[in-house]
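Each remark here refers to the structure printed beneath this line.
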Amino acid sequence: MSTIKSIQLDLPGALANLRRQKLPTRVFHFEHGVETPVKQALCDRFDLLAGVRSSDPHVHLIRDIRVNQFIGSEFLRAFPGGIVWPGLPASAQAPPPAVGPIQSWRDYEGYSWPKIEDVDWSDLAWYEKNLPDHLAMWVMTYLFQMISNLFGFEPMCLMLYEDRDLVRAVVEKVGTFYLNYVARLCQFSRLGAINVGDDMGHKTGTLVRPDDLRELFFPWHKKIVTQVKRSGKFAIFHTCGQVRDIMDDLIDDVGIDAKHSTQDVVEPVTETYTRYGRRVGILGGIDIDFVIRATPDEVRAYTRNILNHCQAAGGFALGLGNWVELAVPLDNYLAMLETARGYT
């Protein structure tokens, strides 16, 4: 049985650390997401839902609070409902179609674009009243990734050359929706951060030309991030892949506060932190492929090495490089937590 030391969460300290305003007094933690079966496994092993009735209509929200407290993260991901993109899977984890629902101006004109009035804010409203003081909500938004899904990646790449105005029009539709979405989200006082989730890289470079991103997408990213920061919230940007060619744009022009997602095959987090850690917060670091294949002792050594490089100067929060998915052995994940709790 793994033993995890209790931890006192500190939301102001976590934000000050990531903004590089104050040196950290402990290892702070951030997870992009935890799959439901992993949440349940943690609840079962550590009796995290003790005293909670299974019939409680908010049991899933209480579960997420207790899992976050156990993990030791001040940032809890919330999931507004009611957003439907016709022709795309309802789950963000499901693979998008190779050819999306928009292939022409006719498709564009006839598409049922989601409306802010359709968003279900009920979970956030419950958190607004019931979230413990040491936790803050955060929510994902999208832009490049949604446009890629609406066209299909290869059709989008062709469209950038064959009908760039159509791409621009879809970007404006999606960007406007998410800008309004963020404005509404920022009205929740218990919302601490927005995470723009736009996978824009592959193993060796960006998925499309950096100049295409600068012309079509970054202006909308900047509008979203500016709205987030103007509201006093924290602006995170999640992207997988090699994005070194656009990191200066994301930091200096878009204005992100922190960047999430690292893969050792692209660049270990120790190198990312050395390169950018004085300019922007760095989140995650534990490579998914490694943590799936390693032993608990190897995870402990790997985690200590990351903390030796990234912890002392601040601007870093430990976590997996992507989702805590079911493929990650629970004992390996607990080995990472144990190492972080005992790190000095």
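Identifiers for the structure tokens are assigned positionally: chains receive A, B, ... in sequence, residues are indexed from 1 per chain, and ligands are indexed from 1 in the order shown.
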* **Selection: 10 Å around range 30-39 of chain A, only C-alpha atoms, excl. self and same-chain fewer than 4 positions, as number ranges by chain** => A: 14, 43-44, 48, 60, 63-64, 66-68, 71-78, 138, 140, 195, 197, 238, 260-261, 282-284, 316-330
* Please report, as a list of chain:residue names, each residue of range 159-204 of chain A to which DSSP assigns helix (DSSP H, G or I) when run on this structure's backbone. => A:Met159, A:Leu160, A:Tyr161, A:Glu162, A:Arg164, A:Asp165, A:Leu166, A:Val167, A:Arg168, A:Ala169, A:Val170, A:Val171, A:Glu172, A:Lys173, A:Val174, A:Gly175, A:Thr176, A:Phe177, A:Tyr178, A:Leu179, A:Asn180, A:Tyr181, A:Val182, A:Ala183, A:Arg184, A:Leu185
Save the residues we just selected, C-alpha atoms, as a compact mmCIF listing (two decimals), in the first residue's frame?
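And here is the file that came out, again-v8.txt:
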```txt
# COMPACT_ATOMS: atom_id res chain seq x y z
CA MET A 159 -7.73 24.79 -47.84
CA LEU A 160 -4.94 27.06 -46.56
CA TYR A 161 -3.79 27.21 -50.19
CA GLU A 162 -7.01 26.66 -52.14
CA ARG A 164 -7.72 30.69 -47.43
CA ASP A 165 -10.70 33.02 -47.01
CA LEU A 166 -12.87 30.07 -45.96
CA VAL A 167 -10.32 29.08 -43.32
CA ARG A 168 -10.25 32.68 -42.14
CA ALA A 169 -14.06 32.75 -41.91
CA VAL A 170 -14.18 29.53 -39.86
CA VAL A 171 -11.43 30.84 -37.58
CA GLU A 172 -13.49 33.99 -36.98
CA LYS A 173 -16.63 31.97 -36.17
CA VAL A 174 -14.82 29.67 -33.74
CA GLY A 175 -12.72 32.47 -32.29
CA THR A 176 -15.78 34.64 -31.66
CA PHE A 177 -17.57 31.78 -29.90
CA TYR A 178 -14.64 31.06 -27.60
CA LEU A 179 -14.00 34.75 -26.92
CA ASN A 180 -17.61 35.10 -25.75
CA TYR A 181 -17.30 31.81 -23.87
CA VAL A 182 -14.23 33.06 -22.01
CA ALA A 183 -15.95 36.35 -21.16
CA ARG A 184 -18.79 34.39 -19.55
CA LEU A 185 -16.42 32.01 -17.76
```
* **strand (DSSP E or B) call set, DSSP backbone run, range 21-99 of chain A, as a PyMOL selection string** => chain A and resi 29+34+73+75-77+81
* To do: Identify, on the basis of only C-alpha atoms, every residue whose closest approach to range 245-254 of chain A does not exceed 12 Å; exclude the query and any residue fewer than 6 positions from it along the same chain; express the result as JSON, numbers by chain.
  => {"A": [196, 198, 200, 201, 204, 205, 206, 207, 208, 209, 210, 211, 212, 213, 214, 215, 217, 218, 219, 220, 221, 222, 223, 224, 225, 226, 227, 228, 229, 235, 236, 237, 238, 239, 260, 272, 275, 276, 277, 278, 279, 280, 281, 282]}
File of the preceding selection, N, CA and C atoms, as a compact mmCIF listing (two decimals), in the first residue's frame:
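The new file result33.txt reads:
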```txt
# COMPACT_ATOMS: atom_id res chain seq x y z
N VAL A 196 -5.97 27.22 -22.99
CA VAL A 196 -6.23 27.10 -24.42
C VAL A 196 -5.56 25.81 -24.91
N ASP A 198 -4.58 23.67 -27.82
CA ASP A 198 -4.41 23.66 -29.27
C ASP A 198 -3.13 22.91 -29.64
N MET A 200 -0.47 21.98 -31.75
CA MET A 200 0.00 22.60 -32.99
C MET A 200 1.33 22.04 -33.47
N GLY A 201 1.84 20.98 -32.78
CA GLY A 201 3.14 20.47 -33.16
C GLY A 201 3.15 18.97 -33.36
N THR A 204 8.82 16.96 -34.79
CA THR A 204 9.97 17.80 -35.15
C THR A 204 9.62 19.25 -35.50
N GLY A 205 8.36 19.60 -35.50
CA GLY A 205 8.01 20.97 -35.86
C GLY A 205 6.52 21.21 -35.74
N THR A 206 6.09 22.39 -36.22
CA THR A 206 4.67 22.73 -36.15
C THR A 206 3.90 22.01 -37.25
N LEU A 207 2.61 21.79 -37.00
CA LEU A 207 1.76 21.05 -37.94
C LEU A 207 1.53 21.82 -39.24
N VAL A 208 1.46 23.14 -39.14
CA VAL A 208 1.40 23.99 -40.33
C VAL A 208 2.49 25.05 -40.19
N ARG A 209 2.68 25.82 -41.23
CA ARG A 209 3.76 26.81 -41.19
C ARG A 209 3.55 27.81 -40.06
N PRO A 210 4.62 28.17 -39.34
CA PRO A 210 4.49 29.20 -38.31
C PRO A 210 3.84 30.48 -38.82
N ASP A 211 4.12 30.86 -40.06
CA ASP A 211 3.52 32.09 -40.59
C ASP A 211 2.01 31.97 -40.73
N ASP A 212 1.50 30.76 -41.03
CA ASP A 212 0.06 30.56 -41.08
C ASP A 212 -0.55 30.73 -39.69
N LEU A 213 0.12 30.19 -38.69
CA LEU A 213 -0.36 30.34 -37.32
C LEU A 213 -0.35 31.82 -36.91
N ARG A 214 0.70 32.53 -37.27
CA ARG A 214 0.80 33.95 -36.91
C ARG A 214 -0.28 34.79 -37.58
N GLU A 215 -0.57 34.47 -38.83
CA GLU A 215 -1.54 35.28 -39.56
C GLU A 215 -2.98 34.98 -39.15
N PHE A 217 -4.28 32.46 -36.66
CA PHE A 217 -4.70 31.93 -35.37
C PHE A 217 -4.23 32.75 -34.18
N PHE A 218 -2.98 33.18 -34.19
CA PHE A 218 -2.46 33.89 -33.02
C PHE A 218 -3.21 35.18 -32.69
N PRO A 219 -3.73 35.92 -33.68
CA PRO A 219 -4.51 37.10 -33.29
C PRO A 219 -5.72 36.74 -32.42
N TRP A 220 -6.36 35.62 -32.68
CA TRP A 220 -7.49 35.19 -31.86
C TRP A 220 -7.02 34.62 -30.53
N HIS A 221 -5.91 33.89 -30.55
CA HIS A 221 -5.33 33.45 -29.28
C HIS A 221 -5.04 34.65 -28.39
N LYS A 222 -4.50 35.70 -29.00
CA LYS A 222 -4.16 36.88 -28.21
C LYS A 222 -5.40 37.53 -27.63
N LYS A 223 -6.49 37.60 -28.42
CA LYS A 223 -7.74 38.18 -27.91
C LYS A 223 -8.25 37.37 -26.71
N ILE A 224 -8.19 36.05 -26.81
CA ILE A 224 -8.67 35.19 -25.72
C ILE A 224 -7.80 35.38 -24.49
N VAL A 225 -6.49 35.31 -24.66
CA VAL A 225 -5.58 35.44 -23.52
C VAL A 225 -5.69 36.83 -22.90
N THR A 226 -5.82 37.86 -23.72
CA THR A 226 -5.98 39.22 -23.18
C THR A 226 -7.25 39.32 -22.33
N GLN A 227 -8.33 38.71 -22.78
CA GLN A 227 -9.58 38.70 -22.01
C GLN A 227 -9.38 37.98 -20.68
N VAL A 228 -8.67 36.86 -20.72
CA VAL A 228 -8.41 36.08 -19.50
C VAL A 228 -7.63 36.93 -18.49
N LYS A 229 -6.55 37.53 -18.95
CA LYS A 229 -5.67 38.27 -18.04
C LYS A 229 -6.31 39.58 -17.58
N ALA A 235 -3.54 32.49 -17.58
CA ALA A 235 -3.68 32.02 -18.96
C ALA A 235 -2.66 30.92 -19.25
N ILE A 236 -3.18 29.70 -19.42
CA ILE A 236 -2.35 28.53 -19.73
C ILE A 236 -2.52 28.20 -21.21
N PHE A 237 -1.47 27.68 -21.82
CA PHE A 237 -1.56 27.21 -23.20
C PHE A 237 -1.06 25.78 -23.25
N HIS A 238 -1.93 24.87 -23.72
CA HIS A 238 -1.55 23.47 -23.87
C HIS A 238 -1.33 23.17 -25.35
N THR A 239 -0.13 22.68 -25.67
CA THR A 239 0.10 22.18 -27.01
C THR A 239 1.13 21.06 -26.95
N HIS A 260 1.84 24.11 -21.07
CA HIS A 260 1.73 22.72 -20.65
C HIS A 260 1.94 21.79 -21.83
N THR A 272 13.22 22.31 -21.65
CA THR A 272 12.20 23.35 -21.84
C THR A 272 12.29 24.38 -20.72
N ARG A 275 15.28 26.61 -21.13
CA ARG A 275 15.12 27.52 -22.27
C ARG A 275 14.11 28.64 -21.98
N TYR A 276 13.00 28.31 -21.29
CA TYR A 276 11.89 29.26 -21.17
C TYR A 276 11.44 29.55 -19.74
N GLY A 277 11.97 28.85 -18.76
CA GLY A 277 11.43 28.93 -17.41
C GLY A 277 11.55 30.28 -16.74
N ARG A 278 12.43 31.15 -17.22
CA ARG A 278 12.52 32.50 -16.65
C ARG A 278 11.49 33.44 -17.26
N ARG A 279 10.79 32.98 -18.31
CA ARG A 279 9.86 33.85 -19.02
C ARG A 279 8.41 33.41 -18.89
N VAL A 280 8.18 32.13 -18.62
CA VAL A 280 6.82 31.61 -18.60
C VAL A 280 6.78 30.40 -17.67
N GLY A 281 5.65 30.17 -17.02
CA GLY A 281 5.51 28.99 -16.19
C GLY A 281 5.54 27.72 -17.03
N ILE A 282 6.12 26.67 -16.48
CA ILE A 282 6.21 25.38 -17.17
C ILE A 282 5.46 24.35 -16.33
```
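If you count only C-alpha atoms and ignore residues fewer than 5 places along the chain from range 337-340 of chain A, what sits within 7 Å of it is Ile4, Val27, Arg300, Thr303 and Arg304 of chain A.
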Residue selection dump (N, CA and C atoms) as a PDB file, in the first residue's frame:
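File produced: again16.pdb:
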```pdb
ATOM      1  N   ILE A   4       0.778   8.312   1.023  1.00  0.00           N
ATOM      2  CA  ILE A   4       0.928   9.663   0.492  1.00  0.00           C
ATOM      3  C   ILE A   4       0.762  10.632   1.648  1.00  0.00           C
ATOM      4  N   VAL A  27       6.766  21.541  -3.614  1.00  0.00           N
ATOM      5  CA  VAL A  27       6.489  21.188  -5.000  1.00  0.00           C
ATOM      6  C   VAL A  27       5.000  21.417  -5.269  1.00  0.00           C
ATOM      7  N   ARG A 300      10.522   7.289  -9.503  1.00  0.00           N
ATOM      8  CA  ARG A 300      11.035   8.119  -8.401  1.00  0.00           C
ATOM      9  C   ARG A 300      12.334   8.821  -8.802  1.00  0.00           C
ATOM     10  N   THR A 303      11.586  11.498 -11.462  1.00  0.00           N
ATOM     11  CA  THR A 303      10.922  12.665 -10.863  1.00  0.00           C
ATOM     12  C   THR A 303      11.911  13.520 -10.091  1.00  0.00           C
ATOM     13  N   ARG A 304      12.780  12.885  -9.307  1.00  0.00           N
ATOM     14  CA  ARG A 304      13.795  13.651  -8.556  1.00  0.00           C
ATOM     15  C   ARG A 304      14.689  14.435  -9.499  1.00  0.00           C
TER      16      ARG A 304
END
```
* **Nearest candidate to Ile7 in chain A (options A:Trp113, A:Trp105, A:Phe28, A:Trp126; using only C-alpha atoms)** =>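 Answer, going by the shortest atom-to-atom distance: A:Phe28.
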* **Separation of CA of Asn149 in chain A from CA of Glu117 in chain A, in Å and rounded to one decimal** =>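 It comes out at 22.7 Å.
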* **Long-range neighbours of Arg293 in chain A as an NGL selection string, 10 Å cut-off, only C-alpha atoms, 2 positions minimum in chain** => :A and (288-291 or 295-296 or 298-299 or 327-329 or 332)
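For the pair CA of Glu109 in chain A and CA of Val84 in chain A, the separation is 16.9 Å.
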* To do: Choose the residue, out of A:His29, A:Lys129, A:Arg45, A:Arg244, that has the smallest atom-to-atom separation from Asp10 in chain A; count only C-alpha atoms.
  =>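 Closest to Asp10 in chain A of all the choices is A:His29.
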Skip Gly152 in chain A itself and residues of its chain fewer than 6 positions away, then list as a PDB file with N, CA and C atoms, in the first residue's frame all residues within 6 Å of it, counting only C-alpha atoms.
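Ended up saving to result_7.pdb:
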```pdb
ATOM      1  N   ALA A  98     -11.538  12.224 -40.347  1.00  0.00           N
ATOM      2  CA  ALA A  98     -10.490  12.633 -41.281  1.00  0.00           C
ATOM      3  C   ALA A  98     -10.974  13.761 -42.177  1.00  0.00           C
ATOM      4  N   VAL A  99     -12.238  13.711 -42.528  1.00  0.00           N
ATOM      5  CA  VAL A  99     -12.867  14.786 -43.311  1.00  0.00           C
ATOM      6  C   VAL A  99     -13.990  15.361 -42.460  1.00  0.00           C
ATOM      7  N   GLY A 100     -13.864  16.617 -42.091  1.00  0.00           N
ATOM      8  CA  GLY A 100     -14.822  17.236 -41.179  1.00  0.00           C
ATOM      9  C   GLY A 100     -16.085  17.714 -41.870  1.00  0.00           C
TER      10      GLY A 100
END
```
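Between Phe79 in chain A and the candidates A:Leu11, A:Met146, A:Ile194, A:Cys310, the tightest atom-to-atom separation, counting only C-alpha atoms, involves A:Ile194.
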* So which one's closest to Ser189 in chain A, A:Ala90, A:Val139, A:Leu216, A:Glu128? Using only C-alpha atoms, please. -> A:Glu128
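Checking A:Lys233, A:Ala335, A:His309, A:Val269 one by one against Leu15 in chain A, counting only C-alpha atoms, you find the shortest gap at A:Lys233.
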* To do: Could you tell me which of A:Asp47, A:Asp287, A:Asp331, A:Asp123 comes closest to Thr270 in chain A if we count only C-alpha atoms?
  =>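 Of A:Asp47, A:Asp287, A:Asp331, A:Asp123, the one nearest Thr270 in chain A is A:Asp287, counting only C-alpha atoms.
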* So which residues touch His58 in chain A within 12 Å, counting only C-alpha atoms, skipping near sequence neighbours fewer than 3 positions away, as an MDAnalysis selection string? -> chainID A and resid 52:55 61:65 122:127 130
Keeping N, CA and C atoms for every residue in the selection just given, could you write it to a file as a PDB file, in the first residue's frame?
```
ATOM      1  N   VAL A  52     -19.770  10.235   1.596  1.00  0.00           N
ATOM      2  CA  VAL A  52     -20.526  10.805   0.488  1.00  0.00           C
ATOM      3  C   VAL A  52     -21.520   9.761  -0.017  1.00  0.00           C
ATOM      4  N   ARG A  53     -22.766  10.125  -0.115  1.00  0.00           N
ATOM      5  CA  ARG A  53     -23.793   9.211  -0.606  1.00  0.00           C
ATOM      6  C   ARG A  53     -23.675   9.059  -2.123  1.00  0.00           C
ATOM      7  N   SER A  54     -23.730   7.830  -2.606  1.00  0.00           N
ATOM      8  CA  SER A  54     -23.658   7.599  -4.046  1.00  0.00           C
ATOM      9  C   SER A  54     -24.853   8.212  -4.768  1.00  0.00           C
ATOM     10  N   SER A  55     -25.942   8.452  -4.042  1.00  0.00           N
ATOM     11  CA  SER A  55     -27.143   9.053  -4.637  1.00  0.00           C
ATOM     12  C   SER A  55     -27.077  10.576  -4.723  1.00  0.00           C
ATOM     13  N   LEU A  61     -18.860  15.777  -8.775  1.00  0.00           N
ATOM     14  CA  LEU A  61     -18.134  17.015  -8.480  1.00  0.00           C
ATOM     15  C   LEU A  61     -17.392  16.904  -7.149  1.00  0.00           C
ATOM     16  N   ILE A  62     -18.025  16.285  -6.177  1.00  0.00           N
ATOM     17  CA  ILE A  62     -17.358  16.044  -4.894  1.00  0.00           C
ATOM     18  C   ILE A  62     -16.157  15.128  -5.088  1.00  0.00           C
ATOM     19  N   ARG A  63     -16.344  14.105  -5.920  1.00  0.00           N
ATOM     20  CA  ARG A  63     -15.227  13.206  -6.238  1.00  0.00           C
ATOM     21  C   ARG A  63     -14.051  13.982  -6.820  1.00  0.00           C
ATOM     22  N   ASP A  64     -14.318  14.867  -7.766  1.00  0.00           N
ATOM     23  CA  ASP A  64     -13.227  15.604  -8.399  1.00  0.00           C
ATOM     24  C   ASP A  64     -12.517  16.514  -7.401  1.00  0.00           C
ATOM     25  N   ILE A  65     -13.258  17.112  -6.482  1.00  0.00           N
ATOM     26  CA  ILE A  65     -12.631  17.927  -5.441  1.00  0.00           C
ATOM     27  C   ILE A  65     -11.701  17.075  -4.590  1.00  0.00           C
ATOM     28  N   SER A 122     -24.120  24.679 -15.079  1.00  0.00           N
ATOM     29  CA  SER A 122     -24.594  24.237 -13.767  1.00  0.00           C
ATOM     30  C   SER A 122     -23.476  23.686 -12.877  1.00  0.00           C
ATOM     31  N   ASP A 123     -22.537  22.936 -13.451  1.00  0.00           N
ATOM     32  CA  ASP A 123     -21.443  22.414 -12.623  1.00  0.00           C
ATOM     33  C   ASP A 123     -20.595  23.559 -12.074  1.00  0.00           C
ATOM     34  N   LEU A 124     -20.327  24.556 -12.911  1.00  0.00           N
ATOM     35  CA  LEU A 124     -19.528  25.695 -12.450  1.00  0.00           C
ATOM     36  C   LEU A 124     -20.280  26.492 -11.397  1.00  0.00           C
ATOM     37  N   ALA A 125     -21.600  26.607 -11.555  1.00  0.00           N
ATOM     38  CA  ALA A 125     -22.392  27.314 -10.555  1.00  0.00           C
ATOM     39  C   ALA A 125     -22.347  26.592  -9.212  1.00  0.00           C
ATOM     40  N   TRP A 126     -22.349  25.260  -9.240  1.00  0.00           N
ATOM     41  CA  TRP A 126     -22.239  24.495  -7.989  1.00  0.00           C
ATOM     42  C   TRP A 126     -20.859  24.694  -7.365  1.00  0.00           C
ATOM     43  N   TYR A 127     -19.807  24.614  -8.192  1.00  0.00           N
ATOM     44  CA  TYR A 127     -18.459  24.864  -7.681  1.00  0.00           C
ATOM     45  C   TYR A 127     -18.340  26.280  -7.107  1.00  0.00           C
ATOM     46  N   ASN A 130     -19.548  25.924  -3.667  1.00  0.00           N
ATOM     47  CA  ASN A 130     -19.121  24.820  -2.809  1.00  0.00           C
ATOM     48  C   ASN A 130     -17.634  24.488  -2.872  1.00  0.00           C
TER      49      ASN A 130
END
```
* To do: Work out how far apart CA of Gly82 in chain A and CA of Tyr142 in chain A are and give it in Å to one decimal.
  =>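 Pair CA of Gly82 in chain A / CA of Tyr142 in chain A returns 15.5 Å.
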